[in-house]
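Shown next: coords.cif, containing mmCIF, C-alpha atoms.
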data_run
loop_
_atom_site.label_atom_id
_atom_site.label_comp_id
_atom_site.auth_asym_id
_atom_site.auth_seq_id
_atom_site.Cartn_x
_atom_site.Cartn_y
_atom_site.Cartn_z
CA VAL A 1 -14.08 13.37 -37.31
CA LYS A 2 -14.05 12.48 -33.62
CA ASP A 3 -11.24 13.66 -31.39
CA ASP A 4 -10.47 11.05 -28.69
CA SER A 5 -8.14 13.33 -26.73
CA ASP A 6 -10.92 14.33 -24.30
CA ASP A 7 -12.12 10.77 -23.65
CA VAL A 8 -11.01 9.48 -20.29
CA SER A 9 -11.49 5.87 -19.39
CA SER A 10 -11.78 4.58 -15.85
CA LYS A 11 -8.59 2.61 -16.41
CA SER A 12 -6.50 5.70 -17.01
CA CYS A 13 -7.90 7.35 -13.87
CA GLY A 14 -7.19 4.41 -11.61
CA GLY A 15 -10.70 3.04 -11.91
CA ASP A 16 -10.25 0.80 -8.89
CA SER A 17 -11.77 2.95 -6.18
CA SER A 18 -11.36 0.28 -3.49
CA GLY A 19 -7.84 1.51 -2.78
CA LEU A 20 -9.08 5.01 -2.04
CA ALA A 21 -11.43 3.87 0.72
CA LYS A 22 -8.74 2.09 2.72
CA LYS A 23 -7.10 4.01 5.54
CA GLN A 24 -3.35 4.05 5.63
CA ARG A 25 -1.80 2.64 8.78
CA LYS A 26 0.46 4.84 10.81
CA ALA A 27 4.05 3.78 11.11
CA ARG A 28 4.72 1.55 14.09
CA THR A 29 6.27 3.38 17.03
CA ALA A 30 9.89 2.44 17.67
CA PHE A 31 10.24 2.70 21.44
CA THR A 32 13.62 3.52 22.94
CA ASP A 33 15.20 1.15 25.45
CA HIS A 34 14.35 3.60 28.24
CA GLN A 35 10.71 3.82 27.15
CA LEU A 36 10.39 0.03 26.94
CA GLN A 37 11.98 -0.52 30.35
CA THR A 38 9.75 2.09 31.95
CA LEU A 39 6.63 0.68 30.30
CA GLU A 40 7.52 -2.87 31.37
CA LYS A 41 8.21 -1.84 34.98
CA SER A 42 4.98 0.10 35.08
CA PHE A 43 3.07 -2.90 33.72
CA GLU A 44 4.61 -5.21 36.36
CA ARG A 45 3.39 -2.90 39.13
CA GLN A 46 0.04 -2.02 37.63
CA LYS A 47 -1.70 -4.11 34.97
CA TYR A 48 -4.34 -1.46 34.23
CA LEU A 49 -3.71 2.27 33.98
CA SER A 50 -6.24 4.96 34.75
CA VAL A 51 -6.54 7.74 32.18
CA GLN A 52 -4.63 10.06 34.52
CA ASP A 53 -1.81 7.53 35.07
CA ARG A 54 -1.61 6.85 31.35
CA MET A 55 -1.36 10.55 30.54
CA GLU A 56 1.33 11.08 33.18
CA LEU A 57 3.35 8.12 31.94
CA ALA A 58 3.01 9.32 28.35
CA ALA A 59 4.21 12.81 29.29
CA LYS A 60 7.13 11.35 31.23
CA LEU A 61 8.19 9.22 28.24
CA GLY A 62 7.49 11.76 25.50
CA LEU A 63 4.74 9.60 24.00
CA THR A 64 1.06 10.10 23.35
CA ASP A 65 -1.45 8.50 25.68
CA THR A 66 -2.58 6.38 22.72
CA GLN A 67 0.95 5.03 22.24
CA VAL A 68 1.08 4.07 25.92
CA LEU A 69 -2.34 2.42 25.66
CA VAL A 70 -1.27 0.38 22.63
CA ALA A 71 2.00 -0.64 24.32
CA TYR A 72 0.05 -1.79 27.38
CA ASN A 73 -2.25 -3.88 25.22
CA ARG A 74 0.66 -5.82 23.72
#
Translate the structure of the given file into structure tokens.
Amino acid sequence: VKDDSDDVSSKSCGGDSSGLAKKQRKARTAFTDHQLQTLEKSFERQKYLSVQDRMELAAKLGLTDTQVLVAYNR
């Protein structure tokens, strides 16, 4: 007599591994009005930010330098 209780099929384990390889996106940053105004004014004065300027602006606005970079690229 065979006991099937130990048999595990790929279907029951979520056999589709393609979903595991995908990276989850981070939630989109919701900028405050103050942050948006400051970013827009900064962009009007200076189209390209140096790393130092970007880090200073990020610190001033309470954002990461990556968030400032992404905002500038939009």
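Nearest residue to Tyr72 in chain A, choosing from A:Ala27, A:Leu39, A:Ala59, A:Val51 and counting all atoms listed in the file: A:Leu39.
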Tell me, as a compact mmCIF listing (two decimals) with C-alpha atoms, in the frame of the given file, which residues lie within 10 Å of Thr66 in chain A, counting all atoms listed in the file; anything in the same chain fewer than 6 positions away does not count.
# COMPACT_ATOMS: atom_id res chain seq x y z
CA ARG A 54 -1.61 6.85 31.35
CA MET A 55 -1.36 10.55 30.54
CA ALA A 58 3.01 9.32 28.35
CA TYR A 72 0.05 -1.79 27.38
For the file shown, report as JSON, numbers by chain the outcome of the PyMOL selection byres ((chain A and resi 40) around 12) at residue level. {"A": [31, 33, 34, 35, 36, 37, 38, 39, 41, 42, 43, 44, 45, 46, 47, 57, 68, 71, 72, 73, 74]}
Atom pair CA of Leu69 in chain A / CA of Leu49 in chain A: separation (Å): 8.4 Å
Distance in Å - CA of Glu56 in chain A versus CA of Ala30 in chain A: 19.7 Å
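Picture a line from CA of Tyr48 in chain A to CA of Thr64 in chain A; it runs 16.8 Å.
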Some atoms are absent from range 40-74 of chain A, so rebuild N, CA and C atoms and return them as a PDB file, keeping the file's coordinate frame.
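Saved result, part-v2.pdb, follows:
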ATOM      1  N   GLU A  40       7.549  -1.522  30.805  1.00  0.00           N
ATOM      2  CA  GLU A  40       7.520  -2.870  31.370  1.00  0.00           C
ATOM      3  C   GLU A  40       7.460  -2.838  32.896  1.00  0.00           C
ATOM      4  N   LYS A  41       8.246  -1.962  33.520  1.00  0.00           N
ATOM      5  CA  LYS A  41       8.210  -1.840  34.980  1.00  0.00           C
ATOM      6  C   LYS A  41       6.846  -1.365  35.452  1.00  0.00           C
ATOM      7  N   SER A  42       6.299  -0.416  34.734  1.00  0.00           N
ATOM      8  CA  SER A  42       4.980   0.100  35.080  1.00  0.00           C
ATOM      9  C   SER A  42       3.933  -1.006  34.968  1.00  0.00           C
ATOM     10  N   PHE A  43       4.028  -1.817  33.927  1.00  0.00           N
ATOM     11  CA  PHE A  43       3.070  -2.900  33.720  1.00  0.00           C
ATOM     12  C   PHE A  43       3.194  -3.958  34.818  1.00  0.00           C
ATOM     13  N   GLU A  44       4.418  -4.231  35.283  1.00  0.00           N
ATOM     14  CA  GLU A  44       4.610  -5.210  36.360  1.00  0.00           C
ATOM     15  C   GLU A  44       3.939  -4.754  37.649  1.00  0.00           C
ATOM     16  N   ARG A  45       3.988  -3.448  37.914  1.00  0.00           N
ATOM     17  CA  ARG A  45       3.390  -2.900  39.130  1.00  0.00           C
ATOM     18  C   ARG A  45       1.882  -2.752  39.009  1.00  0.00           C
ATOM     19  N   GLN A  46       1.440  -2.392  37.815  1.00  0.00           N
ATOM     20  CA  GLN A  46       0.040  -2.020  37.630  1.00  0.00           C
ATOM     21  C   GLN A  46      -0.421  -2.497  36.254  1.00  0.00           C
ATOM     22  N   LYS A  47      -1.256  -3.523  36.242  1.00  0.00           N
ATOM     23  CA  LYS A  47      -1.700  -4.110  34.970  1.00  0.00           C
ATOM     24  C   LYS A  47      -2.636  -3.192  34.192  1.00  0.00           C
ATOM     25  N   TYR A  48      -3.394  -2.365  34.886  1.00  0.00           N
ATOM     26  CA  TYR A  48      -4.340  -1.460  34.230  1.00  0.00           C
ATOM     27  C   TYR A  48      -4.055  -0.036  34.660  1.00  0.00           C
ATOM     28  N   LEU A  49      -3.978   0.866  33.695  1.00  0.00           N
ATOM     29  CA  LEU A  49      -3.710   2.270  33.980  1.00  0.00           C
ATOM     30  C   LEU A  49      -4.991   3.083  33.905  1.00  0.00           C
ATOM     31  N   SER A  50      -5.150   3.994  34.859  1.00  0.00           N
ATOM     32  CA  SER A  50      -6.240   4.960  34.750  1.00  0.00           C
ATOM     33  C   SER A  50      -5.857   5.954  33.650  1.00  0.00           C
ATOM     34  N   VAL A  51      -6.819   6.730  33.211  1.00  0.00           N
ATOM     35  CA  VAL A  51      -6.540   7.740  32.180  1.00  0.00           C
ATOM     36  C   VAL A  51      -5.478   8.707  32.681  1.00  0.00           C
ATOM     37  N   GLN A  52      -5.599   9.117  33.939  1.00  0.00           N
ATOM     38  CA  GLN A  52      -4.630  10.060  34.520  1.00  0.00           C
ATOM     39  C   GLN A  52      -3.227   9.448  34.558  1.00  0.00           C
ATOM     40  N   ASP A  53      -3.120   8.202  35.018  1.00  0.00           N
ATOM     41  CA  ASP A  53      -1.810   7.530  35.070  1.00  0.00           C
ATOM     42  C   ASP A  53      -1.219   7.370  33.674  1.00  0.00           C
ATOM     43  N   ARG A  54      -2.074   7.027  32.726  1.00  0.00           N
ATOM     44  CA  ARG A  54      -1.610   6.850  31.350  1.00  0.00           C
ATOM     45  C   ARG A  54      -1.093   8.162  30.771  1.00  0.00           C
ATOM     46  N   MET A  55      -1.791   9.244  31.045  1.00  0.00           N
ATOM     47  CA  MET A  55      -1.360  10.550  30.540  1.00  0.00           C
ATOM     48  C   MET A  55      -0.057  10.994  31.190  1.00  0.00           C
ATOM     49  N   GLU A  56       0.090  10.723  32.483  1.00  0.00           N
ATOM     50  CA  GLU A  56       1.330  11.080  33.180  1.00  0.00           C
ATOM     51  C   GLU A  56       2.506  10.268  32.657  1.00  0.00           C
ATOM     52  N   LEU A  57       2.292   8.972  32.460  1.00  0.00           N
ATOM     53  CA  LEU A  57       3.350   8.120  31.940  1.00  0.00           C
ATOM     54  C   LEU A  57       3.732   8.542  30.514  1.00  0.00           C
ATOM     55  N   ALA A  58       2.747   8.865  29.718  1.00  0.00           N
ATOM     56  CA  ALA A  58       3.010   9.320  28.350  1.00  0.00           C
ATOM     57  C   ALA A  58       3.834  10.602  28.354  1.00  0.00           C
ATOM     58  N   ALA A  59       3.471  11.546  29.213  1.00  0.00           N
ATOM     59  CA  ALA A  59       4.210  12.810  29.290  1.00  0.00           C
ATOM     60  C   ALA A  59       5.646  12.565  29.747  1.00  0.00           C
ATOM     61  N   LYS A  60       5.807  11.672  30.705  1.00  0.00           N
ATOM     62  CA  LYS A  60       7.130  11.350  31.230  1.00  0.00           C
ATOM     63  C   LYS A  60       8.028  10.732  30.145  1.00  0.00           C
ATOM     64  N   LEU A  61       7.416   9.935  29.267  1.00  0.00           N
ATOM     65  CA  LEU A  61       8.190   9.220  28.240  1.00  0.00           C
ATOM     66  C   LEU A  61       8.225   9.936  26.899  1.00  0.00           C
ATOM     67  N   GLY A  62       7.517  11.046  26.778  1.00  0.00           N
ATOM     68  CA  GLY A  62       7.490  11.760  25.500  1.00  0.00           C
ATOM     69  C   GLY A  62       6.671  11.029  24.451  1.00  0.00           C
ATOM     70  N   LEU A  63       5.627  10.336  24.893  1.00  0.00           N
ATOM     71  CA  LEU A  63       4.740   9.600  24.000  1.00  0.00           C
ATOM     72  C   LEU A  63       3.332  10.159  24.109  1.00  0.00           C
ATOM     73  N   THR A  64       2.464   9.739  23.208  1.00  0.00           N
ATOM     74  CA  THR A  64       1.060  10.100  23.350  1.00  0.00           C
ATOM     75  C   THR A  64       0.390   9.077  24.258  1.00  0.00           C
ATOM     76  N   ASP A  65      -0.749   9.455  24.824  1.00  0.00           N
ATOM     77  CA  ASP A  65      -1.450   8.500  25.680  1.00  0.00           C
ATOM     78  C   ASP A  65      -1.914   7.293  24.865  1.00  0.00           C
ATOM     79  N   THR A  66      -2.187   7.492  23.588  1.00  0.00           N
ATOM     80  CA  THR A  66      -2.580   6.380  22.720  1.00  0.00           C
ATOM     81  C   THR A  66      -1.422   5.395  22.531  1.00  0.00           C
ATOM     82  N   GLN A  67      -0.206   5.909  22.389  1.00  0.00           N
ATOM     83  CA  GLN A  67       0.950   5.030  22.240  1.00  0.00           C
ATOM     84  C   GLN A  67       1.166   4.200  23.504  1.00  0.00           C
ATOM     85  N   VAL A  68       0.957   4.813  24.662  1.00  0.00           N
ATOM     86  CA  VAL A  68       1.080   4.070  25.920  1.00  0.00           C
ATOM     87  C   VAL A  68      -0.007   3.014  26.002  1.00  0.00           C
ATOM     88  N   LEU A  69      -1.218   3.367  25.631  1.00  0.00           N
ATOM     89  CA  LEU A  69      -2.340   2.420  25.660  1.00  0.00           C
ATOM     90  C   LEU A  69      -2.053   1.222  24.769  1.00  0.00           C
ATOM     91  N   VAL A  70      -1.576   1.471  23.564  1.00  0.00           N
ATOM     92  CA  VAL A  70      -1.270   0.380  22.630  1.00  0.00           C
ATOM     93  C   VAL A  70      -0.142  -0.484  23.180  1.00  0.00           C
ATOM     94  N   ALA A  71       0.882   0.124  23.747  1.00  0.00           N
ATOM     95  CA  ALA A  71       2.000  -0.640  24.320  1.00  0.00           C
ATOM     96  C   ALA A  71       1.509  -1.520  25.463  1.00  0.00           C
ATOM     97  N   TYR A  72       0.604  -1.015  26.273  1.00  0.00           N
ATOM     98  CA  TYR A  72       0.050  -1.790  27.380  1.00  0.00           C
ATOM     99  C   TYR A  72      -0.770  -2.971  26.883  1.00  0.00           C
ATOM    100  N   ASN A  73      -1.401  -2.813  25.750  1.00  0.00           N
ATOM    101  CA  ASN A  73      -2.250  -3.880  25.220  1.00  0.00           C
ATOM    102  C   ASN A  73      -1.454  -4.974  24.512  1.00  0.00           C
ATOM    103  N   ARG A  74      -0.168  -4.802  24.380  1.00  0.00           N
ATOM    104  CA  ARG A  74       0.660  -5.820  23.720  1.00  0.00           C
ATOM    105  C   ARG A  74       1.241  -6.700  24.727  1.00  0.00           C
TER     106      ARG A  74
END
